[in-house]
$ cat final-v3.cif   # mmCIF, C-alpha atoms
data_work
#
loop_
_atom_site.label_atom_id
_atom_site.label_comp_id
_atom_site.auth_asym_id
_atom_site.auth_seq_id
_atom_site.Cartn_x
_atom_site.Cartn_y
_atom_site.Cartn_z
CA MET A 1 203.92 122.06 118.51
CA THR A 2 203.96 123.57 115.05
CA TYR A 3 201.85 126.70 114.74
CA ARG A 4 198.55 126.27 112.94
CA LEU A 5 196.99 129.32 111.33
CA PHE A 6 193.31 129.23 110.44
CA TYR A 7 192.79 131.62 107.54
CA SER A 8 190.39 132.51 104.74
CA PRO A 9 191.93 133.54 101.41
CA GLY A 10 192.24 137.33 101.22
CA ALA A 11 190.73 137.95 104.66
CA CYS A 12 192.66 139.91 107.28
CA SER A 13 194.26 136.57 108.16
CA LEU A 14 196.52 137.27 105.18
CA ALA A 15 198.64 139.52 107.42
CA PRO A 16 199.54 136.96 110.11
CA HIS A 17 199.95 134.40 107.32
CA ILE A 18 202.67 136.64 105.85
CA VAL A 19 204.21 137.09 109.28
CA LEU A 20 204.54 133.32 109.80
CA GLU A 21 206.17 132.94 106.39
CA GLU A 22 208.50 135.88 107.05
CA LEU A 23 209.60 134.31 110.32
CA GLY A 24 210.50 131.09 108.56
CA VAL A 25 209.13 129.03 111.44
CA PRO A 26 207.33 125.72 110.82
CA TYR A 27 203.56 126.23 110.56
CA GLU A 28 200.52 124.72 108.98
CA GLY A 29 197.91 126.82 107.22
CA VAL A 30 194.30 125.64 107.59
CA ARG A 31 191.80 127.03 105.10
CA VAL A 32 188.50 128.20 106.58
CA VAL A 33 186.78 129.71 103.56
CA ILE A 34 184.37 132.42 104.72
CA ALA A 35 182.67 132.57 101.29
CA GLU A 36 181.69 128.91 101.81
CA GLY A 37 180.50 129.49 105.38
CA MET A 38 183.24 127.28 106.82
CA ASN A 39 183.83 129.74 109.65
CA GLN A 40 180.35 129.02 111.01
CA LYS A 41 180.65 125.22 110.86
CA PRO A 42 180.87 123.26 114.13
CA GLU A 43 184.43 122.15 113.30
CA TYR A 44 185.65 125.72 113.28
CA LEU A 45 183.44 126.97 116.11
CA ALA A 46 185.20 124.36 118.25
CA VAL A 47 188.44 126.20 117.48
CA ASN A 48 187.10 129.76 117.72
CA PRO A 49 183.57 130.07 119.11
CA ARG A 50 183.46 133.61 117.74
CA GLY A 51 183.51 132.15 114.22
CA ARG A 52 186.06 134.59 112.89
CA VAL A 53 189.44 134.24 111.25
CA PRO A 54 192.33 134.39 111.86
CA ALA A 55 192.97 132.04 114.76
CA LEU A 56 196.38 130.70 115.76
CA ALA A 57 196.83 127.37 117.55
CA TYR A 58 200.05 127.02 119.53
CA GLY A 59 201.45 125.33 122.61
CA PRO A 60 201.24 121.65 123.61
CA ALA A 61 200.11 119.43 120.72
CA ASP A 62 197.63 117.57 122.92
CA SER A 63 196.09 120.73 124.37
CA PRO A 64 196.77 123.61 121.99
CA ARG A 65 195.91 127.15 122.93
CA ILE A 66 194.01 129.44 120.59
CA LEU A 67 194.75 133.09 120.01
CA THR A 68 192.46 135.25 117.86
CA GLU A 69 192.49 138.78 116.36
CA ALA A 70 195.03 139.56 113.64
CA SER A 71 196.81 142.26 115.64
CA ALA A 72 197.16 140.05 118.72
CA ILE A 73 198.49 137.11 116.68
CA MET A 74 201.03 139.33 114.92
CA ILE A 75 202.23 140.89 118.17
CA PHE A 76 202.49 137.43 119.75
CA LEU A 77 204.50 136.05 116.83
CA ALA A 78 206.77 139.10 116.61
CA ARG A 79 207.46 139.05 120.35
CA SER A 80 207.98 135.27 120.41
CA HIS A 81 210.61 135.57 117.67
CA PRO A 82 212.26 138.91 118.44
CA GLU A 83 215.36 138.12 116.36
CA ALA A 84 213.30 138.76 113.19
CA GLY A 85 212.64 142.37 114.24
CA LEU A 86 209.10 142.44 112.82
CA LEU A 87 207.74 144.86 115.45
CA PRO A 88 209.51 147.69 117.33
CA THR A 89 210.02 147.11 121.04
CA GLU A 90 210.41 150.74 122.11
CA ALA A 91 207.20 152.14 123.65
CA GLU A 92 206.39 154.90 121.18
CA SER A 93 207.08 152.92 117.99
CA LEU A 94 205.19 149.93 119.32
CA ALA A 95 202.24 152.20 120.17
CA ARG A 96 202.30 153.65 116.63
CA GLY A 97 202.03 150.13 115.25
CA VAL A 98 199.10 149.35 117.54
CA GLU A 99 197.46 152.68 116.65
CA TRP A 100 197.52 151.71 112.96
CA MET A 101 196.27 148.19 113.56
CA SER A 102 193.49 149.35 115.88
CA TRP A 103 192.20 152.03 113.54
CA LEU A 104 192.40 149.77 110.47
CA GLY A 105 190.77 146.85 112.27
CA SER A 106 187.94 148.82 113.84
CA ILE A 107 186.95 151.87 111.78
CA VAL A 108 188.27 150.99 108.34
CA HIS A 109 187.41 147.29 108.40
CA GLN A 110 184.23 147.14 110.48
CA THR A 111 182.56 150.43 109.51
CA GLY A 112 184.05 150.74 106.03
CA VAL A 113 184.98 147.63 104.05
CA ARG A 114 182.59 145.32 105.88
CA LEU A 115 179.58 147.55 105.20
CA VAL A 116 180.31 147.16 101.49
CA LEU A 117 181.16 143.46 101.41
CA ARG A 118 178.76 142.19 104.08
CA PRO A 119 175.83 144.60 104.48
CA ASP A 120 173.68 141.61 105.45
CA ARG A 121 175.65 141.43 108.70
CA PHE A 122 174.24 144.83 109.65
CA ILE A 123 170.69 144.69 108.34
CA ALA A 124 168.67 141.83 106.89
CA ASP A 125 166.45 143.82 104.53
CA PRO A 126 168.17 143.96 101.10
CA ALA A 127 166.40 147.26 100.38
CA ALA A 128 168.75 148.95 102.86
CA HIS A 129 171.95 147.41 101.49
CA ASP A 130 172.67 150.05 98.85
CA ALA A 131 172.66 152.80 101.45
CA LEU A 132 174.94 150.79 103.74
CA LYS A 133 177.31 150.02 100.90
CA ALA A 134 177.45 153.67 99.89
CA ARG A 135 178.28 154.72 103.46
CA GLY A 136 180.91 151.99 103.71
CA ARG A 137 182.55 153.13 100.47
CA GLU A 138 182.57 156.71 101.73
CA THR A 139 184.28 155.64 104.97
CA ALA A 140 186.81 153.50 103.10
CA ARG A 141 187.58 156.30 100.63
CA ALA A 142 188.08 158.78 103.48
CA ALA A 143 190.38 156.26 105.16
CA PHE A 144 192.57 155.88 102.08
CA ALA A 145 192.72 159.66 101.72
CA ASP A 146 193.79 159.79 105.37
CA ILE A 147 196.43 157.07 104.95
CA GLU A 148 198.09 158.45 101.80
CA PRO A 149 199.81 161.63 103.13
CA ARG A 150 200.92 159.81 106.29
CA LEU A 151 203.03 157.50 104.12
CA ALA A 152 204.86 160.25 102.21
CA GLY A 153 208.58 159.57 102.05
CA GLN A 154 208.32 156.40 104.10
CA GLN A 155 210.25 153.28 103.15
CA TRP A 156 207.91 151.22 105.31
CA LEU A 157 204.92 152.16 107.43
CA LEU A 158 206.85 152.42 110.71
CA GLY A 159 210.05 153.79 109.19
CA ASP A 160 213.10 152.03 107.81
CA ARG A 161 212.18 148.44 108.50
CA PHE A 162 209.43 146.08 107.34
CA SER A 163 207.00 145.31 110.16
CA VAL A 164 203.83 143.34 110.75
CA VAL A 165 201.88 146.54 110.12
CA ASP A 166 203.04 146.63 106.48
CA ALA A 167 201.59 143.16 106.06
CA TYR A 168 198.32 144.34 107.59
CA LEU A 169 198.22 147.36 105.28
CA LEU A 170 198.41 145.03 102.27
CA VAL A 171 195.06 143.51 103.24
CA PHE A 172 193.39 146.91 103.02
CA PHE A 173 195.12 147.83 99.76
CA ARG A 174 193.73 144.68 98.22
CA TRP A 175 190.27 145.42 99.61
CA GLY A 176 190.50 148.91 98.12
CA ASN A 177 190.96 147.34 94.70
CA ARG A 178 188.09 144.97 95.40
CA LEU A 179 185.88 147.94 96.21
CA GLY A 180 186.73 149.35 92.77
CA PHE A 181 188.99 152.17 93.90
CA ALA A 182 191.90 153.12 91.63
CA MET A 183 194.47 152.35 94.32
CA ARG A 184 197.61 152.54 92.15
CA GLN A 185 196.52 155.79 90.54
CA ASP A 186 195.08 157.64 93.52
CA TYR A 187 197.41 156.54 96.31
CA PRO A 188 201.02 156.50 95.05
CA ASN A 189 202.68 156.60 98.49
CA TYR A 190 200.57 153.69 99.65
CA THR A 191 201.26 151.84 96.38
CA ALA A 192 205.02 152.32 96.68
CA ILE A 193 205.12 150.63 100.08
CA MET A 194 202.80 147.88 98.93
CA ASP A 195 205.02 147.20 95.91
CA ARG A 196 207.91 146.70 98.31
CA VAL A 197 205.78 144.38 100.43
CA ARG A 198 204.73 142.35 97.40
CA ALA A 199 208.32 142.02 96.19
CA ARG A 200 209.23 140.06 99.32
CA PRO A 201 209.64 136.33 98.63
CA ALA A 202 207.65 135.39 101.74
CA VAL A 203 204.72 137.51 100.60
CA GLN A 204 204.82 135.98 97.13
CA ARG A 205 204.71 132.49 98.61
CA VAL A 206 201.70 133.36 100.77
CA VAL A 207 199.82 135.03 97.93
CA ALA A 208 200.38 131.93 95.78
CA ASP A 209 199.39 129.66 98.64
CA GLU A 210 196.15 131.54 99.34
CA GLY A 211 195.47 131.68 95.60
CA ILE A 212 194.61 135.38 95.59
CA ASP A 213 195.39 138.26 93.24
CA ILE A 214 196.81 141.60 94.27
CA GLU A 215 196.58 144.34 91.67
CA MET B 1 205.54 168.08 128.83
CA THR B 2 202.58 167.00 130.90
CA TYR B 3 200.35 164.48 129.15
CA ARG B 4 197.08 165.86 127.82
CA LEU B 5 194.22 163.44 127.30
CA PHE B 6 191.32 164.45 125.07
CA TYR B 7 188.25 162.59 126.26
CA SER B 8 184.47 162.56 126.11
CA PRO B 9 182.63 161.58 129.29
CA GLY B 10 181.80 157.87 129.25
CA ALA B 11 183.38 157.22 125.83
CA CYS B 12 186.10 154.61 125.43
CA SER B 13 188.50 157.39 126.45
CA LEU B 14 187.42 156.50 130.00
CA ALA B 15 189.89 153.61 129.94
CA PRO B 16 193.09 155.61 129.19
CA HIS B 17 191.78 158.29 131.57
CA ILE B 18 191.77 155.66 134.33
CA VAL B 19 195.24 154.49 133.29
CA LEU B 20 196.69 158.01 133.61
CA GLU B 21 195.16 158.39 137.07
CA GLU B 22 196.39 154.93 138.11
CA LEU B 23 199.92 155.84 137.03
CA GLY B 24 199.85 158.94 139.21
CA VAL B 25 201.68 160.94 136.55
CA PRO B 26 200.87 164.61 135.92
CA TYR B 27 198.29 165.01 133.16
CA GLU B 28 195.59 167.34 132.01
CA GLY B 29 192.18 166.10 130.89
CA VAL B 30 190.57 168.02 128.03
CA ARG B 31 186.84 167.52 127.55
CA VAL B 32 185.71 166.98 123.96
CA VAL B 33 182.04 166.23 124.41
CA ILE B 34 180.83 164.03 121.55
CA ALA B 35 177.16 164.66 122.42
CA GLU B 36 177.80 168.34 121.74
CA GLY B 37 179.67 167.66 118.48
CA MET B 38 182.93 169.04 119.91
CA ASN B 39 184.89 166.21 118.28
CA GLN B 40 183.98 167.56 114.83
CA LYS B 41 184.91 171.18 115.59
CA PRO B 42 188.00 172.67 113.88
CA GLU B 43 189.75 173.01 117.25
CA TYR B 44 189.66 169.30 117.79
CA LEU B 45 190.22 168.28 114.18
CA ALA B 46 193.50 170.18 114.45
CA VAL B 47 194.45 167.74 117.22
CA ASN B 48 193.02 164.58 115.65
CA PRO B 49 191.87 164.93 112.03
CA ARG B 50 189.95 161.67 112.42
CA GLY B 51 187.62 163.45 114.87
CA ARG B 52 187.61 160.65 117.39
CA VAL B 53 188.48 160.39 121.06
CA PRO B 54 190.66 159.54 122.85
CA ALA B 55 193.80 161.34 121.76
CA LEU B 56 196.91 161.76 123.87
CA ALA B 57 199.31 164.68 123.45
CA TYR B 58 202.85 164.06 124.69
CA GLY B 59 206.44 165.05 123.98
CA PRO B 60 207.90 168.56 123.59
CA ALA B 61 205.51 171.27 124.82
CA ASP B 62 206.12 173.42 121.73
CA SER B 63 205.59 170.54 119.28
CA PRO B 64 203.53 167.87 121.00
CA ARG B 65 202.91 164.54 119.34
CA ILE B 66 199.46 163.00 119.13
CA LEU B 67 198.64 159.35 119.67
CA THR B 68 195.13 158.02 119.05
CA GLU B 69 193.21 154.77 119.64
CA ALA B 70 192.45 153.72 123.22
CA SER B 71 194.46 150.49 123.02
CA ALA B 72 197.53 152.21 121.58
CA ILE B 73 197.44 154.96 124.20
CA MET B 74 197.12 152.45 127.03
CA ILE B 75 199.97 150.31 125.70
CA PHE B 76 202.12 153.42 125.28
CA LEU B 77 201.42 154.62 128.83
CA ALA B 78 201.92 151.18 130.37
CA ARG B 79 205.21 150.66 128.52
CA SER B 80 206.44 154.18 129.29
CA HIS B 81 205.84 153.59 133.01
CA PRO B 82 206.68 149.90 133.41
CA GLU B 83 207.12 150.19 137.18
CA ALA B 84 203.32 150.39 137.55
CA GLY B 85 202.89 146.93 136.01
CA LEU B 86 199.66 147.81 134.19
CA LEU B 87 200.32 145.49 131.22
CA PRO B 88 202.17 142.16 131.05
CA THR B 89 205.45 142.20 129.16
CA GLU B 90 205.68 138.48 128.38
CA ALA B 91 204.60 137.71 124.80
CA GLU B 92 201.59 135.47 125.46
CA SER B 93 200.02 137.58 128.22
CA LEU B 94 200.58 140.77 126.25
CA ALA B 95 198.93 139.15 123.22
CA ARG B 96 195.93 138.10 125.36
CA GLY B 97 195.51 141.73 126.40
CA VAL B 98 195.67 142.90 122.80
CA GLU B 99 193.25 140.15 121.75
CA TRP B 100 190.70 141.47 124.25
CA MET B 101 191.19 145.10 123.29
CA SER B 102 191.02 144.37 119.58
CA TRP B 103 187.84 142.30 119.79
CA LEU B 104 186.14 144.77 122.14
CA GLY B 105 187.19 147.78 120.07
CA SER B 106 186.21 146.36 116.70
CA ILE B 107 183.36 143.84 116.90
CA VAL B 108 181.73 144.76 120.21
CA HIS B 109 182.10 148.53 119.92
CA GLN B 110 181.80 149.18 116.18
CA THR B 111 179.30 146.48 115.16
CA GLY B 112 177.46 146.22 118.49
CA VAL B 113 177.23 149.22 120.79
CA ARG B 114 177.72 151.82 118.05
CA LEU B 115 174.86 150.41 115.95
CA VAL B 116 172.56 151.02 118.90
CA LEU B 117 173.84 154.41 120.01
CA ARG B 118 174.74 155.90 116.63
CA PRO B 119 172.71 154.19 113.87
CA ASP B 120 172.83 157.48 111.93
CA ARG B 121 176.55 156.85 111.39
CA PHE B 122 175.66 153.78 109.33
CA ILE B 123 172.53 154.84 107.48
CA ALA B 124 170.85 158.24 107.16
CA ASP B 125 167.25 157.07 106.75
CA PRO B 126 165.65 156.93 110.25
CA ALA B 127 163.29 154.22 108.99
CA ALA B 128 166.20 151.79 109.03
CA HIS B 129 167.44 152.68 112.51
CA ASP B 130 165.26 150.26 114.45
CA ALA B 131 166.62 147.31 112.49
CA LEU B 132 170.20 148.49 112.98
CA LYS B 133 169.64 149.01 116.70
CA ALA B 134 168.12 145.55 117.03
CA ARG B 135 171.11 143.97 115.28
CA GLY B 136 173.52 145.98 117.44
CA ARG B 137 171.77 144.86 120.62
CA GLU B 138 171.91 141.25 119.45
CA THR B 139 175.67 141.54 118.80
CA ALA B 140 176.27 143.23 122.15
CA ARG B 141 174.21 140.62 124.01
CA ALA B 142 176.13 137.80 122.32
CA ALA B 143 179.38 139.52 123.27
CA PHE B 144 178.43 139.75 126.95
CA ALA B 145 177.38 136.09 126.88
CA ASP B 146 180.79 135.31 125.36
CA ILE B 147 182.68 137.38 127.94
CA GLU B 148 180.96 136.02 131.06
CA PRO B 149 182.28 132.42 131.18
CA ARG B 150 185.78 133.57 130.23
CA LEU B 151 185.93 135.57 133.47
CA ALA B 152 184.95 132.69 135.78
CA GLY B 153 187.21 132.54 138.81
CA GLN B 154 189.35 135.44 137.63
CA GLN B 155 190.50 138.10 140.04
CA TRP B 156 191.21 140.40 137.11
CA LEU B 157 190.82 139.95 133.37
CA LEU B 158 194.43 138.91 132.73
CA GLY B 159 194.90 137.02 136.00
CA ASP B 160 196.08 138.17 139.40
CA ARG B 161 196.88 141.78 138.64
CA PHE B 162 194.85 144.81 137.53
CA SER B 163 195.71 145.80 133.96
CA VAL B 164 194.71 148.37 131.39
CA VAL B 165 192.31 145.80 129.95
CA ASP B 166 190.22 145.83 133.14
CA ALA B 167 189.81 149.57 132.67
CA TYR B 168 188.73 149.00 129.07
CA LEU B 169 186.24 146.35 130.15
CA LEU B 170 184.57 148.89 132.45
CA VAL B 171 183.64 151.02 129.44
CA PHE B 172 181.69 148.13 127.94
CA PHE B 173 180.03 147.20 131.24
CA ARG B 174 178.73 150.74 131.50
CA TRP B 175 177.53 150.66 127.89
CA GLY B 176 175.74 147.39 128.64
CA ASN B 177 173.78 149.16 131.34
CA ARG B 178 173.10 152.04 128.96
CA LEU B 179 171.70 149.59 126.44
CA GLY B 180 169.28 148.41 129.12
CA PHE B 181 170.87 145.03 129.82
CA ALA B 182 170.66 143.69 133.38
CA MET B 183 174.45 143.57 133.72
CA ARG B 184 174.64 142.91 137.47
CA GLN B 185 172.01 140.20 137.32
CA ASP B 186 173.00 138.41 134.13
CA TYR B 187 176.78 138.64 134.24
CA PRO B 188 178.01 137.98 137.82
CA ASN B 189 181.63 137.13 136.88
CA TYR B 190 181.90 140.30 134.84
CA THR B 191 180.23 142.30 137.65
CA ALA B 192 182.64 140.94 140.29
CA ILE B 193 185.67 142.18 138.37
CA MET B 194 184.00 145.50 137.62
CA ASP B 195 183.21 145.98 141.31
CA ARG B 196 186.91 145.54 142.05
CA VAL B 197 187.77 148.05 139.32
CA ARG B 198 185.28 150.58 140.66
CA ALA B 199 186.59 150.21 144.21
CA ARG B 200 189.97 151.55 143.13
CA PRO B 201 190.54 155.14 144.29
CA ALA B 202 191.94 156.17 140.89
CA VAL B 203 188.81 154.91 139.15
CA GLN B 204 186.58 156.75 141.61
CA ARG B 205 188.44 159.99 140.95
CA VAL B 206 188.06 159.62 137.19
CA VAL B 207 184.38 158.72 137.37
CA ALA B 208 183.78 161.84 139.50
CA ASP B 209 185.88 163.95 137.17
CA GLU B 210 184.04 162.80 134.06
CA GLY B 211 180.72 163.22 135.89
CA ILE B 212 179.36 159.84 134.85
CA ASP B 213 177.37 157.13 136.62
CA ILE B 214 178.26 153.46 136.71
CA GLU B 215 175.51 151.14 137.88
#

$ encode --input "final-v3.cif" --output "structure tokens"
Amino acid sequence: MTYRLFYSPGACSLAPHIVLEELGVPYEGVRVVIAEGMNQKPEYLAVNPRGRVPALAYGPADSPRILTEASAIMIFLARSHPEAGLLPTEAESLARGVEWMSWLGSIVHQTGVRLVLRPDRFIADPAAHDALKARGRETARAAFADIEPRLAGQQWLLGDRFSVVDAYLLVFFRWGNRLGFAMRQDYPNYTAIMDRVRARPAVQRVVADEGIDIE
Amino acid sequence: MTYRLFYSPGACSLAPHIVLEELGVPYEGVRVVIAEGMNQKPEYLAVNPRGRVPALAYGPADSPRILTEASAIMIFLARSHPEAGLLPTEAESLARGVEWMSWLGSIVHQTGVRLVLRPDRFIADPAAHDALKARGRETARAAFADIEPRLAGQQWLLGDRFSVVDAYLLVFFRWGNRLGFAMRQDYPNYTAIMDRVRARPAVQRVVADEGIDIE
């Protein structure tokens, strides 16, 4: 069957969305807009009971399988289409890619960006939200300061070739802007790689398709 | 050089610790006790500036490289020693393993267990800690309820062979007990796999070495 990617505009599903477009394989994008609560509707919970995006449907059309988690979907797609070379196969380089995706997806996303954008998911009382947001911004800012020197002199995140991890990094760059950080000014190494990512035709198609802006 | 694993007893570093012992390769364990703040000391920040465990040192003895993130370390070790068969190589099974590790490491750890055990990392005001802990317990309980039916009839998490993901799952089982959940009573499928994990000689050696209990 054709792949189906369940995504919300600008969510971390943006990264596997880019990967599908880069691969040039047939796929269908299905919008599950988090801001409209679509990820908690019965229709989507039947796809992914965890109510999160992204999810990828693949396999037999009459009994598709579902894979979740951005990093897992990207590794699956890259390994299923090795000719595109979107993820290193050698142990150490592969592990570096996973290290980046794990740290971004756990610490930076869940204890940084998400504290700012969704404090209600951590504590119901709105009186506590300002403190949570402040802590989340602090964690996100420290993360960007951590990322910047690691990218010095790099053409792409993992070296001389575009990989799925560059696509993932774009999600966080965009979130940095959304959090009000001066990404272009404060993080020039990061910006340089992101400008190369955004210049890719596949990325431009996905950004237009999701209807999002990237500063 | 010999591998060096920086770990804190009972932290998620337990999983790569088990993997090293399972592989039977020479390694040195270095205790970085989080409860004593050792992970924020200059000595450790020189190893991993992010101040988190686990970290793995490998490569030339005079200029070792450092790899962080439990999932990345386990994938690196499994791929570097493929003869042990600790992680599937086929795209779909590998992706399933990464899906588990990503979800456990982000949602279950960072927005569940960590809210309960380290609410101060999210908000300074102790008055807000009870609400954070309650939310964390709710997330952790939902996660265990999610895990349980997925393990029905499974010998091991990924099928018929022990993998690094079984080791990772043990960390969360132990945390469930620490959070006061009746793990053995409420989650029999999960318990059955964990009993098989704990029966492994390598796991017993690591548990003794770290000096931890597993109910």

$ atom_distance --input "final-v3.cif" --atom1 "CA of Glu138 in chain A" --atom2 "CA of Asn177 in chain A"
14.4 Å

$ resolve_selection --input "final-v3.cif" --expression "the PyMOL selection byres ((chain A and resi 178) around 12)" --output "PyMOL selection string"
chain A and resi 10-11+113-114+116-117+137+140+171-177+179-183+212-215

$ resolve_selection --input "final-v3.cif" --expression "the PyMOL selection byres ((chain B) within 8 of (chain A))" --output "number ranges by chain"
B: 67-69, 71-73, 75-76, 79-80, 91-92, 94-96, 98-99, 102-103, 105-107, 110-111, 122-123, 128, 131-132, 135-136

$ write_last_selection --input "final-v3.cif" --atoms "C-alpha atoms" --output "PDB file, in the frame of the given file"
ATOM      1  CA  LEU B  67     198.640 159.350 119.670  1.00  0.00           C
ATOM      2  CA  THR B  68     195.130 158.020 119.050  1.00  0.00           C
ATOM      3  CA  GLU B  69     193.210 154.770 119.640  1.00  0.00           C
ATOM      4  CA  SER B  71     194.460 150.490 123.020  1.00  0.00           C
ATOM      5  CA  ALA B  72     197.530 152.210 121.580  1.00  0.00           C
ATOM      6  CA  ILE B  73     197.440 154.960 124.200  1.00  0.00           C
ATOM      7  CA  ILE B  75     199.970 150.310 125.700  1.00  0.00           C
ATOM      8  CA  PHE B  76     202.120 153.420 125.280  1.00  0.00           C
ATOM      9  CA  ARG B  79     205.210 150.660 128.520  1.00  0.00           C
ATOM     10  CA  SER B  80     206.440 154.180 129.290  1.00  0.00           C
ATOM     11  CA  ALA B  91     204.600 137.710 124.800  1.00  0.00           C
ATOM     12  CA  GLU B  92     201.590 135.470 125.460  1.00  0.00           C
ATOM     13  CA  LEU B  94     200.580 140.770 126.250  1.00  0.00           C
ATOM     14  CA  ALA B  95     198.930 139.150 123.220  1.00  0.00           C
ATOM     15  CA  ARG B  96     195.930 138.100 125.360  1.00  0.00           C
ATOM     16  CA  VAL B  98     195.670 142.900 122.800  1.00  0.00           C
ATOM     17  CA  GLU B  99     193.250 140.150 121.750  1.00  0.00           C
ATOM     18  CA  SER B 102     191.020 144.370 119.580  1.00  0.00           C
ATOM     19  CA  TRP B 103     187.840 142.300 119.790  1.00  0.00           C
ATOM     20  CA  GLY B 105     187.190 147.780 120.070  1.00  0.00           C
ATOM     21  CA  SER B 106     186.210 146.360 116.700  1.00  0.00           C
ATOM     22  CA  ILE B 107     183.360 143.840 116.900  1.00  0.00           C
ATOM     23  CA  GLN B 110     181.800 149.180 116.180  1.00  0.00           C
ATOM     24  CA  THR B 111     179.300 146.480 115.160  1.00  0.00           C
ATOM     25  CA  PHE B 122     175.660 153.780 109.330  1.00  0.00           C
ATOM     26  CA  ILE B 123     172.530 154.840 107.480  1.00  0.00           C
ATOM     27  CA  ALA B 128     166.200 151.790 109.030  1.00  0.00           C
ATOM     28  CA  ALA B 131     166.620 147.310 112.490  1.00  0.00           C
ATOM     29  CA  LEU B 132     170.200 148.490 112.980  1.00  0.00           C
ATOM     30  CA  ARG B 135     171.110 143.970 115.280  1.00  0.00           C
ATOM     31  CA  GLY B 136     173.520 145.980 117.440  1.00  0.00           C
TER      32      GLY B 136
END

$ residues_around --input "final-v3.cif" --residues "range 27-35 of chain B" --least-positions-apart "3" --cutoff "12 Å" --atoms "all atoms listed in the file" --output "short mmCIF file (atom, residue, chain, number, x, y, z; two decimals) with C-alpha atoms, keeping the file's coordinate frame"
data_model
loop_
_atom_site.label_atom_id
_atom_site.label_comp_id
_atom_site.auth_asym_id
_atom_site.auth_seq_id
_atom_site.Cartn_x
_atom_site.Cartn_y
_atom_site.Cartn_z
CA MET B 1 205.54 168.08 128.83
CA THR B 2 202.58 167.00 130.90
CA TYR B 3 200.35 164.48 129.15
CA ARG B 4 197.08 165.86 127.82
CA LEU B 5 194.22 163.44 127.30
CA PHE B 6 191.32 164.45 125.07
CA TYR B 7 188.25 162.59 126.26
CA SER B 8 184.47 162.56 126.11
CA PRO B 9 182.63 161.58 129.29
CA GLY B 10 181.80 157.87 129.25
CA ALA B 11 183.38 157.22 125.83
CA CYS B 12 186.10 154.61 125.43
CA SER B 13 188.50 157.39 126.45
CA LEU B 14 187.42 156.50 130.00
CA PRO B 16 193.09 155.61 129.19
CA HIS B 17 191.78 158.29 131.57
CA ILE B 18 191.77 155.66 134.33
CA VAL B 19 195.24 154.49 133.29
CA LEU B 20 196.69 158.01 133.61
CA GLU B 21 195.16 158.39 137.07
CA GLU B 22 196.39 154.93 138.11
CA LEU B 23 199.92 155.84 137.03
CA GLY B 24 199.85 158.94 139.21
CA MET B 38 182.93 169.04 119.91
CA ASN B 39 184.89 166.21 118.28
CA GLN B 40 183.98 167.56 114.83
CA LYS B 41 184.91 171.18 115.59
CA PRO B 42 188.00 172.67 113.88
CA GLU B 43 189.75 173.01 117.25
CA TYR B 44 189.66 169.30 117.79
CA LEU B 45 190.22 168.28 114.18
CA VAL B 47 194.45 167.74 117.22
CA ASN B 48 193.02 164.58 115.65
CA GLY B 51 187.62 163.45 114.87
CA ARG B 52 187.61 160.65 117.39
CA VAL B 53 188.48 160.39 121.06
CA PRO B 54 190.66 159.54 122.85
CA ALA B 55 193.80 161.34 121.76
CA LEU B 56 196.91 161.76 123.87
CA ALA B 57 199.31 164.68 123.45
CA TYR B 58 202.85 164.06 124.69
CA LEU B 77 201.42 154.62 128.83
CA LEU B 117 173.84 154.41 120.01
CA ARG B 118 174.74 155.90 116.63
CA VAL B 206 188.06 159.62 137.19
CA ASP B 209 185.88 163.95 137.17
CA GLU B 210 184.04 162.80 134.06
CA GLY B 211 180.72 163.22 135.89
#

$ closest_residue --input "final-v3.cif" --among "A:Pro26, A:Pro119, A:Arg150, A:Phe162" --to "Met194 in chain A" --atoms "only C-alpha atoms"
A:Phe162

$ atom_distance --input "final-v3.cif" --atom1 "CA of Leu86 in chain A" --atom2 "CA of Asp166 in chain B"
27.9 Å

$ atom_distance --input "final-v3.cif" --atom1 "CA of Asp195 in chain A" --atom2 "CA of Arg161 in chain A"
14.5 Å

$ axis_aligned_box --input "final-v3.cif" --around "range 68-79 of chain A" --padding-each-side "3 Å" --output "JSON"
{"center_x": 200.0, "center_y": 138.8, "center_z": 117.0, "size_x": 21.0, "size_y": 13.0, "size_z": 12.7}

$ residues_around --input "final-v3.cif" --residues "Ile193 in chain A" --least-positions-apart "5" --cutoff "8 Å" --atoms "only C-alpha atoms" --output "list in words"
Gln154, Gln155, Trp156, Leu157 and Asp166 of chain A

$ closest_residue --input "final-v3.cif" --among "A:Ala84, A:Val197, A:Val207, A:Thr191" --to "Val165 in chain A" --atoms "only C-alpha atoms"
A:Val197

$ closest_residue --input "final-v3.cif" --among "A:Asp120, A:Asp160, A:Glu148, A:Asp186" --to "Gly85 in chain A" --atoms "only C-alpha atoms"
A:Asp160
